[in-house]
Structures are given as structure tokens and as C-alpha cells.
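For reference, protein28.txt is printed below; it contains compact mmCIF, C-alpha atoms.
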```txt
# COMPACT_ATOMS: atom_id res chain seq x y z
CA TYR J 268 51.45 45.52 -1.90
CA LYS J 269 48.00 44.49 -0.69
CA LYS J 270 46.05 46.34 -3.38
CA VAL J 271 47.95 44.53 -6.12
CA ASP J 272 47.42 41.22 -4.29
CA LEU J 273 43.68 41.90 -4.16
CA PHE J 274 43.62 42.85 -7.85
CA GLU J 275 45.27 39.54 -8.81
CA LYS J 276 42.89 37.62 -6.59
CA LYS J 277 39.84 39.33 -8.07
CA LEU J 278 40.90 38.55 -11.63
CA ASN J 279 41.93 35.01 -10.63
CA HIS J 280 45.16 35.18 -12.61
CA VAL J 281 48.50 35.33 -10.77
CA ILE J 282 51.88 35.23 -12.48
CA ASN J 283 54.23 32.42 -11.43
CA LYS J 284 56.30 33.82 -8.56
CA ASP J 285 59.61 32.12 -9.40
CA TRP J 286 59.37 33.08 -13.07
CA PHE J 287 58.50 36.66 -12.14
CA ASN J 288 61.34 36.97 -9.62
CA ASN J 289 63.92 35.63 -12.08
CA LEU J 290 62.80 38.10 -14.74
CA SER J 291 62.74 40.97 -12.24
CA LEU J 292 66.28 40.18 -11.10
CA ILE J 293 67.64 40.62 -14.62
CA THR J 294 65.40 43.35 -16.04
CA GLN J 295 64.18 45.43 -13.08
CA THR J 296 66.82 45.27 -10.36
CA CYS J 297 68.96 48.34 -10.93
CA ILE J 298 70.53 51.37 -9.30
CA LYS J 299 68.00 54.20 -9.00
CA ASN J 300 66.97 56.91 -6.56
CA ASN J 301 63.49 55.55 -5.91
CA ALA J 302 62.53 52.23 -4.36
CA LEU J 303 62.36 49.33 -6.80
CA ASN J 304 58.82 48.41 -7.78
CA PHE J 305 57.85 45.67 -10.23
CA ASN J 306 54.09 45.64 -9.68
CA HIS J 307 53.16 46.78 -13.18
CA GLY J 308 54.35 43.39 -14.42
CA ARG J 309 51.91 41.61 -12.12
CA ILE J 310 49.05 43.90 -13.12
CA LEU J 311 49.77 43.52 -16.83
CA TYR J 312 49.90 39.73 -16.60
CA SER J 313 46.63 39.42 -14.68
CA LEU J 314 44.79 41.91 -16.85
CA VAL J 315 45.95 40.44 -20.17
CA CYS J 316 44.98 36.94 -18.99
CA LYS J 317 41.53 38.20 -18.01
CA TYR J 318 41.10 40.10 -21.29
CA ILE J 319 42.01 36.98 -23.26
CA GLU J 320 39.63 34.88 -21.19
CA ASP J 321 36.74 37.29 -21.77
CA ASN J 322 37.36 38.47 -25.34
CA ILE J 323 39.79 36.29 -27.27
CA LYS J 324 39.46 32.61 -26.41
CA SER J 325 35.73 32.24 -26.94
CA LYS J 326 35.90 34.10 -30.26
CA ASN J 327 39.06 32.40 -31.55
CA LYS J 328 40.74 35.75 -32.26
CA ASN J 329 44.34 36.90 -32.42
CA LEU J 330 45.43 39.41 -29.77
CA THR J 331 47.36 42.56 -30.68
CA VAL J 332 49.15 44.51 -27.94
CA LEU J 333 51.02 47.80 -28.33
CA GLU J 334 53.67 48.95 -25.87
CA THR J 335 55.73 52.13 -25.79
CA GLY J 336 58.85 52.29 -23.64
CA THR J 337 60.35 48.82 -24.06
CA ALA J 338 63.39 49.51 -21.84
CA ARG J 339 64.92 46.13 -20.93
CA GLY J 340 61.82 44.20 -22.03
CA PHE J 341 60.29 43.40 -18.64
CA SER J 342 56.73 44.47 -19.40
CA ALA J 343 56.65 42.90 -22.86
CA LEU J 344 57.78 39.58 -21.42
CA CYS J 345 55.13 39.65 -18.68
CA ILE J 346 52.52 40.23 -21.39
CA SER J 347 53.99 37.51 -23.61
CA LYS J 348 53.83 35.05 -20.71
CA ALA J 349 50.14 35.83 -20.30
CA ILE J 350 49.52 35.12 -24.00
CA ASN J 351 51.54 31.91 -23.81
CA ASP J 352 49.88 30.71 -20.60
CA GLN J 353 46.44 31.33 -22.10
CA ASN J 354 47.46 29.39 -25.22
CA VAL J 355 46.21 31.88 -27.81
CA ASN J 356 47.76 33.59 -30.81
CA GLY J 357 49.04 37.09 -30.15
CA ARG J 358 51.70 39.64 -30.87
CA ILE J 359 53.24 42.49 -28.93
CA ILE J 360 54.50 45.50 -30.86
CA THR J 361 56.90 47.37 -28.60
CA VAL J 362 58.62 50.65 -29.43
CA ASP J 363 61.65 52.30 -27.84
CA CYS J 364 64.53 54.49 -28.98
CA ILE J 365 66.95 51.98 -27.42
CA PRO J 366 68.24 49.54 -30.06
CA HIS J 367 67.56 45.82 -29.65
CA ASN J 368 70.80 44.45 -31.09
CA LYS J 369 73.43 46.94 -29.90
CA LYS J 370 75.78 45.90 -27.11
CA MET J 371 75.54 48.29 -24.18
CA PHE J 372 75.36 48.51 -20.40
CA TRP J 373 71.81 48.32 -19.02
CA ASN J 374 72.25 49.36 -15.36
CA CYS J 375 71.40 45.82 -14.29
CA ILE J 376 73.07 42.79 -12.73
CA ASP J 377 74.15 41.38 -16.11
CA ASP J 378 76.43 44.40 -16.61
CA LEU J 379 78.96 42.43 -14.54
CA GLU J 380 79.43 40.25 -17.64
CA GLY J 381 80.09 43.22 -19.92
CA PRO J 382 77.98 44.98 -22.58
CA LYS J 383 75.06 42.99 -23.99
CA THR J 384 72.33 43.50 -26.54
CA ARG J 385 68.76 43.44 -25.30
CA SER J 386 68.40 40.20 -27.19
CA GLU J 387 71.27 38.70 -25.19
CA LEU J 388 69.90 40.13 -21.95
CA LEU J 389 66.63 38.27 -22.57
CA ALA J 390 68.22 35.02 -23.75
CA SER J 391 66.60 32.98 -20.96
CA TRP J 392 63.17 33.91 -22.32
CA ILE J 393 63.94 33.58 -26.03
CA HIS J 394 60.96 31.30 -26.68
CA LEU J 395 58.61 34.09 -25.55
CA SER J 396 60.41 36.99 -27.24
CA GLN J 397 60.71 35.18 -30.56
CA ASN J 398 57.14 33.91 -30.59
CA TYR J 399 55.30 37.03 -29.49
CA ILE J 400 57.38 40.22 -29.38
CA PHE J 401 58.20 42.55 -32.29
CA PHE J 402 60.86 45.07 -31.24
CA HIS J 403 60.77 48.45 -33.01
CA GLN J 404 63.52 50.99 -32.55
CA GLY J 405 62.84 54.71 -32.90
CA GLU J 406 61.02 57.68 -31.48
CA THR J 407 57.33 57.04 -30.95
CA LYS J 408 56.40 60.18 -32.89
CA ILE J 409 58.03 58.62 -35.93
CA GLU J 410 57.33 54.92 -35.40
CA LEU J 411 53.73 54.84 -34.15
CA PRO J 412 52.22 56.39 -37.32
CA LYS J 413 53.91 53.58 -39.29
CA ILE J 414 52.02 50.84 -37.47
CA THR J 415 49.23 49.82 -39.81
CA THR J 416 47.40 47.22 -37.72
CA GLU J 417 43.67 47.97 -37.63
CA ARG J 418 43.08 46.89 -34.02
CA ILE J 419 44.91 47.42 -30.76
CA HIS J 420 43.14 45.27 -28.19
CA PHE J 421 45.44 46.18 -25.34
CA ALA J 422 48.05 48.91 -24.89
CA PHE J 423 50.68 49.69 -22.29
CA LEU J 424 51.67 53.28 -23.02
CA ASP J 425 54.78 53.99 -20.97
CA GLY J 426 56.82 56.37 -23.11
CA ALA J 427 57.62 59.97 -22.22
CA HIS J 428 55.35 61.30 -19.46
CA THR J 429 54.70 64.83 -20.71
CA TYR J 430 51.16 65.92 -21.52
CA ASN J 431 51.91 66.28 -25.25
CA ASP J 432 53.65 62.90 -25.52
CA VAL J 433 50.87 61.05 -23.71
CA MET J 434 48.23 62.68 -25.89
CA PHE J 435 50.19 61.93 -29.06
CA GLU J 436 50.51 58.23 -28.26
CA PHE J 437 46.83 57.96 -27.48
CA MET J 438 45.83 59.70 -30.71
CA GLN J 439 47.71 57.05 -32.67
CA ILE J 440 45.51 54.26 -31.32
CA LYS J 441 42.19 55.86 -30.39
CA ASN J 442 40.53 54.75 -33.63
CA LYS J 443 41.94 51.25 -33.31
CA GLN J 444 40.12 50.35 -30.11
CA LEU J 445 36.58 49.09 -29.56
CA PRO J 446 34.46 48.94 -26.39
CA GLY J 447 36.12 46.68 -23.84
CA ASP J 448 39.64 47.34 -25.11
CA ILE J 449 42.18 48.52 -22.55
CA ILE J 450 45.05 50.98 -22.07
CA ILE J 451 47.35 50.81 -19.05
CA TYR J 452 49.26 53.87 -17.84
CA ASP J 453 52.14 53.53 -15.40
CA ASP J 454 53.13 56.32 -13.00
CA TYR J 455 49.64 57.75 -12.60
CA THR J 456 50.87 59.79 -9.65
CA PRO J 457 49.51 63.36 -9.43
CA ASP J 458 52.30 64.84 -7.31
CA GLN J 459 55.04 63.51 -9.61
CA PHE J 460 53.79 63.35 -13.20
CA THR J 461 51.26 66.15 -13.55
CA GLY J 462 51.40 66.18 -17.36
CA LEU J 463 50.64 62.47 -17.63
CA VAL J 464 47.82 62.66 -15.09
CA LYS J 465 46.25 65.66 -16.85
CA ALA J 466 46.42 63.94 -20.24
CA VAL J 467 45.04 60.61 -18.99
CA ASP J 468 42.16 62.29 -17.16
CA GLU J 469 41.30 64.21 -20.33
CA ILE J 470 41.49 61.05 -22.44
CA CYS J 471 39.15 59.14 -20.13
CA GLU J 472 36.61 61.97 -19.96
CA LYS J 473 36.63 63.10 -23.58
CA TYR J 474 37.00 59.73 -25.30
CA ARG J 475 34.86 57.68 -22.90
CA TYR J 476 37.26 55.39 -21.07
CA LYS J 477 36.37 54.02 -17.65
CA LYS J 478 39.10 54.68 -15.07
CA LYS J 479 40.40 52.31 -12.42
CA VAL J 480 43.37 53.41 -10.32
CA ILE J 481 45.59 51.01 -8.39
CA ASN J 482 47.98 52.65 -5.93
CA ALA J 483 50.79 50.25 -5.10
CA HIS J 484 51.92 52.86 -2.57
CA SER J 485 51.78 56.64 -2.15
CA HIS J 486 54.42 57.29 -4.83
CA ARG J 487 53.38 54.79 -7.52
CA GLY J 488 49.99 54.51 -9.16
CA TYR J 489 48.66 52.67 -12.20
CA LEU J 490 45.59 53.56 -14.24
CA ILE J 491 43.53 51.06 -16.20
CA ALA J 492 41.45 52.76 -18.90
CA THR J 493 38.72 50.58 -20.45
CA LYS J 494 36.92 51.85 -23.53
CA LEU J 495 33.17 52.20 -23.04
```

What's the C-alpha cells form of this structure?
Amino acid sequence: YKKVDLFEKKLNHVINKDWFNNLSLITQTCIKNNALNFNHGRILYSLVCKYIEDNIKSKNKNLTVLETGTARGFSALCISKAINDQNVNGRIITVDCIPHNKKMFWNCIDDLEGPKTRSELLASWIHLSQNYIFFHQGETKIELPKITTERIHFAFLDGAHTYNDVMFEFMQIKNKQLPGDIIIYDDYTPDQFTGLVKAVDEICEKYRYKKKVINAHSHRGYLIATKL
């Protein structure tokens, strides 16, 4: 994935390979129809580190990150590692309809040991999850309006990929971002997720976000939207 390699090199922040591979084994290696791809974790780590370096450290601020689509917790942990490695105060609010403390099968390698809660699945990274991540269960249309924080510095919006869902999630945070703040969209792939692509293009044009697209390969793209 040369484009992702170049992105990491440009930002001068690269996630520890062994740490990343161990996390990917537990939280991203699963049975699915498409090829496995963990590159969004690398992009999130590098970008959060760079954002902290440019906007948080020098101003002694606390970082607030919003994520939709927690799943097994892979993305939230990559972000939490960036916060920890940069040695700043921060919190990640992550929302998913999947409960955090209900034993279930996760379509991952740990299923061999029987049903686990997400908390148990992430036990090896408990110091990061406890220090930085706030897990919210529920539908985003119900839970996002409840979040009262005044600022969302960084968002990874990876919930449902329909046009209406993408627009709804954005509308919940659009007044909580200032110039320089960032939203990441996974699966920015025109031939697969037309609703998401249409919504994100409209958001960037109408609400003045600068677009940067990283194509890991022909079937997986990521869009970085930076508020102007």
C-alpha cells in the first residue's frame, strides 16, 4: 500500500508495526467476502498524531474525538494509541449499536475461546481503552444528539453508508468544528458506496471542507475532510 506508506512518511508519524499487527489479528482478521484491509488504522494514527502536534500540544488543550461505528474497537484503539504516544489529554467518544459488555461471537480469532464481551476482546489494551475511550451503545440517530461536548476536534464517521445517514452524522457535529478540524470517512469508493460519496462531496463543497483522498487500492478509498 504505497500511497499509505507515503502518507505516513509525509506526516512523520508511523504506528508501531508489532503493536498494530497484534491489534489487527484480534480485531480485524475475520471471515469476509472482500480482501482484509487495515489501512484506516494507520491513517488515523498518523493523522491524529499530526493534529495533536500542530494544534494541541503547543496550546495545552484536551483533544476530543468522535467515532461512529465502533465494531470491535480497532479504530478507537489506534486513535487512543496516538493520544497516548503524544502524551496529551484526550477522549474518544465512540458510538455503535453493538453492546460493550454483552458476551457474543465477533467473527474473529478469539471466537475459538467462546463468546466474549468487547471489553474482554480488548483486554490486552485495557490501559488505552480505560484511559481514553468512552463506549456508547445505541443508534447514532438517538445517541449523537445526546452528546453535549462543545468541540469535536477530530471525527471518524464510519456508521451506515447511506446518503441520509452520512448527512445526519455530519449535521450533529458541523457546529462543533473550527478551521483546521478534521473528519475522516472510510469507504470513499464511488463504484461501491454512491450514497456516502455523494453526501461527503456535498459536505465538503457546501460546508467548506478541503478534500484529500487516499486510495489504498481500487476498491478502498479514504477521504480526509479538513475544515477551512

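Atom CA of Ala338 of chain J sits 23.4 Å away from atom CA of Val281 of chain J.
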
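With distances taken over all atoms listed in the file, J:Gln439 is the one residue among J:Ile310, J:Gln439, J:Gly336, J:Asn304 lying closest to Lys413 of chain J.
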
Which residues are near Asn279 of chain J? Cut-off 9 Å, all atoms listed in the file, ignore same chain within fewer than 4 positions. Put them as a ChimeraX atom specification. /J:274-275,313,317

Please determine the residues with any atom at most 10 Å from (51.1, 40.3, -25.3) (coordinates as given in the file, with only C-alpha atoms counting) and report them as a ChimeraX atom specification. /J:311-312,315-316,319,330-334,342-351,356-361,395,399-400,420-423

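The list of residues within 12 Å of (37.7, 57.3, -20.8), counted using all atoms listed in the file, is Phe437, Lys441, Gln444, Pro446, Gly447, Asp448, Ile449, Ile450, Ile451, Ala466, Val467, Asp468, Glu469, Ile470, Cys471, Glu472, Lys473, Tyr474, Arg475, Tyr476, Lys477, Lys478, Lys479, Leu490, Ile491, Ala492, Thr493, Lys494 and Leu495 of chain J.
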
For the selection you just gave me, I'd like the residues written to a file as a compact mmCIF listing (two decimals), in the frame of the given file, keeping C-alpha atoms.
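Saved the output as result.txt:
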```txt
# COMPACT_ATOMS: atom_id res chain seq x y z
CA PHE J 437 46.83 57.96 -27.48
CA LYS J 441 42.19 55.86 -30.39
CA GLN J 444 40.12 50.35 -30.11
CA PRO J 446 34.46 48.94 -26.39
CA GLY J 447 36.12 46.68 -23.84
CA ASP J 448 39.64 47.34 -25.11
CA ILE J 449 42.18 48.52 -22.55
CA ILE J 450 45.05 50.98 -22.07
CA ILE J 451 47.35 50.81 -19.05
CA ALA J 466 46.42 63.94 -20.24
CA VAL J 467 45.04 60.61 -18.99
CA ASP J 468 42.16 62.29 -17.16
CA GLU J 469 41.30 64.21 -20.33
CA ILE J 470 41.49 61.05 -22.44
CA CYS J 471 39.15 59.14 -20.13
CA GLU J 472 36.61 61.97 -19.96
CA LYS J 473 36.63 63.10 -23.58
CA TYR J 474 37.00 59.73 -25.30
CA ARG J 475 34.86 57.68 -22.90
CA TYR J 476 37.26 55.39 -21.07
CA LYS J 477 36.37 54.02 -17.65
CA LYS J 478 39.10 54.68 -15.07
CA LYS J 479 40.40 52.31 -12.42
CA LEU J 490 45.59 53.56 -14.24
CA ILE J 491 43.53 51.06 -16.20
CA ALA J 492 41.45 52.76 -18.90
CA THR J 493 38.72 50.58 -20.45
CA LYS J 494 36.92 51.85 -23.53
CA LEU J 495 33.17 52.20 -23.04
```

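Of the listed residues (J:Ile376, J:Val433, J:Val362, J:Leu314), J:Val433 comes nearest to Thr461 of chain J; the distances count all atoms listed in the file.
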
Provide segment 459-470 of chain J rebuilt to all heavy atoms, formatted as an mmCIF file, in the frame of the given file.
```cif
data_model
loop_
_atom_site.group_PDB
_atom_site.id
_atom_site.type_symbol
_atom_site.label_atom_id
_atom_site.label_comp_id
_atom_site.auth_asym_id
_atom_site.auth_seq_id
_atom_site.Cartn_x
_atom_site.Cartn_y
_atom_site.Cartn_z
ATOM 1 N N GLN J 459 53.774 63.723 -8.920
ATOM 2 C CA GLN J 459 55.040 63.510 -9.610
ATOM 3 C C GLN J 459 54.965 63.730 -11.112
ATOM 4 O O GLN J 459 55.877 64.307 -11.700
ATOM 5 C CB GLN J 459 55.556 62.082 -9.345
ATOM 6 C CG GLN J 459 55.941 61.826 -7.902
ATOM 7 C CD GLN J 459 56.613 60.484 -7.737
ATOM 8 O OE1 GLN J 459 57.407 60.051 -8.561
ATOM 9 N NE2 GLN J 459 56.280 59.787 -6.652
ATOM 10 N N PHE J 460 53.905 63.274 -11.735
ATOM 11 C CA PHE J 460 53.790 63.350 -13.200
ATOM 12 C C PHE J 460 52.493 64.067 -13.569
ATOM 13 O O PHE J 460 51.526 63.460 -14.026
ATOM 14 C CB PHE J 460 53.839 61.941 -13.811
ATOM 15 C CG PHE J 460 55.115 61.205 -13.514
ATOM 16 C CD1 PHE J 460 55.157 60.235 -12.533
ATOM 17 C CD2 PHE J 460 56.284 61.517 -14.194
ATOM 18 C CE1 PHE J 460 56.333 59.553 -12.241
ATOM 19 C CE2 PHE J 460 57.471 60.844 -13.914
ATOM 20 C CZ PHE J 460 57.492 59.863 -12.935
ATOM 21 N N THR J 461 52.486 65.372 -13.353
ATOM 22 C CA THR J 461 51.260 66.150 -13.550
ATOM 23 C C THR J 461 50.814 66.155 -15.010
ATOM 24 O O THR J 461 49.619 66.146 -15.290
ATOM 25 C CB THR J 461 51.479 67.595 -13.074
ATOM 26 O OG1 THR J 461 52.614 68.156 -13.754
ATOM 27 C CG2 THR J 461 51.736 67.635 -11.572
ATOM 28 N N GLY J 462 51.760 66.177 -15.947
ATOM 29 C CA GLY J 462 51.400 66.180 -17.360
ATOM 30 C C GLY J 462 50.718 64.899 -17.769
ATOM 31 O O GLY J 462 49.697 64.910 -18.477
ATOM 32 N N LEU J 463 51.256 63.772 -17.318
ATOM 33 C CA LEU J 463 50.640 62.470 -17.630
ATOM 34 C C LEU J 463 49.250 62.378 -17.023
ATOM 35 O O LEU J 463 48.298 61.959 -17.696
ATOM 36 C CB LEU J 463 51.534 61.345 -17.098
ATOM 37 C CG LEU J 463 51.031 59.919 -17.339
ATOM 38 C CD1 LEU J 463 52.219 58.981 -17.595
ATOM 39 C CD2 LEU J 463 50.233 59.381 -16.139
ATOM 40 N N VAL J 464 49.118 62.753 -15.766
ATOM 41 C CA VAL J 464 47.820 62.660 -15.090
ATOM 42 C C VAL J 464 46.787 63.543 -15.787
ATOM 43 O O VAL J 464 45.639 63.125 -16.020
ATOM 44 C CB VAL J 464 47.955 63.042 -13.607
ATOM 45 C CG1 VAL J 464 46.586 63.167 -12.947
ATOM 46 C CG2 VAL J 464 48.811 62.010 -12.875
ATOM 47 N N LYS J 465 47.171 64.759 -16.148
ATOM 48 C CA LYS J 465 46.250 65.660 -16.850
ATOM 49 C C LYS J 465 45.800 65.059 -18.173
ATOM 50 O O LYS J 465 44.604 65.080 -18.508
ATOM 51 C CB LYS J 465 46.925 67.010 -17.090
ATOM 52 C CG LYS J 465 46.050 68.013 -17.844
ATOM 53 C CD LYS J 465 46.809 69.315 -18.113
ATOM 54 C CE LYS J 465 45.949 70.269 -18.932
ATOM 55 N NZ LYS J 465 46.686 71.527 -19.247
ATOM 56 N N ALA J 466 46.745 64.511 -18.939
ATOM 57 C CA ALA J 466 46.420 63.940 -20.240
ATOM 58 C C ALA J 466 45.508 62.724 -20.094
ATOM 59 O O ALA J 466 44.511 62.587 -20.824
ATOM 60 C CB ALA J 466 47.700 63.553 -20.975
ATOM 61 N N VAL J 467 45.832 61.830 -19.163
ATOM 62 C CA VAL J 467 45.040 60.610 -18.990
ATOM 63 C C VAL J 467 43.627 60.943 -18.523
ATOM 64 O O VAL J 467 42.639 60.359 -18.997
ATOM 65 C CB VAL J 467 45.738 59.647 -18.017
ATOM 66 C CG1 VAL J 467 44.836 58.457 -17.711
ATOM 67 C CG2 VAL J 467 47.054 59.152 -18.615
ATOM 68 N N ASP J 468 43.493 61.877 -17.607
ATOM 69 C CA ASP J 468 42.160 62.290 -17.160
ATOM 70 C C ASP J 468 41.344 62.844 -18.322
ATOM 71 O O ASP J 468 40.137 62.560 -18.459
ATOM 72 C CB ASP J 468 42.271 63.338 -16.056
ATOM 73 C CG ASP J 468 42.718 62.752 -14.732
ATOM 74 O OD1 ASP J 468 42.713 61.513 -14.600
ATOM 75 O OD2 ASP J 468 43.091 63.533 -13.822
ATOM 76 N N GLU J 469 41.981 63.633 -19.162
ATOM 77 C CA GLU J 469 41.300 64.210 -20.330
ATOM 78 C C GLU J 469 40.901 63.114 -21.317
ATOM 79 O O GLU J 469 39.787 63.146 -21.868
ATOM 80 C CB GLU J 469 42.228 65.218 -20.999
ATOM 81 C CG GLU J 469 41.603 65.964 -22.165
ATOM 82 C CD GLU J 469 42.548 66.999 -22.748
ATOM 83 O OE1 GLU J 469 43.198 67.718 -21.949
ATOM 84 O OE2 GLU J 469 42.641 67.086 -23.988
ATOM 85 N N ILE J 470 41.780 62.161 -21.533
ATOM 86 C CA ILE J 470 41.490 61.050 -22.440
ATOM 87 C C ILE J 470 40.270 60.273 -21.963
ATOM 88 O O ILE J 470 39.351 59.975 -22.736
ATOM 89 C CB ILE J 470 42.714 60.121 -22.554
ATOM 90 C CG1 ILE J 470 43.814 60.784 -23.377
ATOM 91 C CG2 ILE J 470 42.331 58.772 -23.169
ATOM 92 C CD1 ILE J 470 45.170 60.106 -23.249
#
```
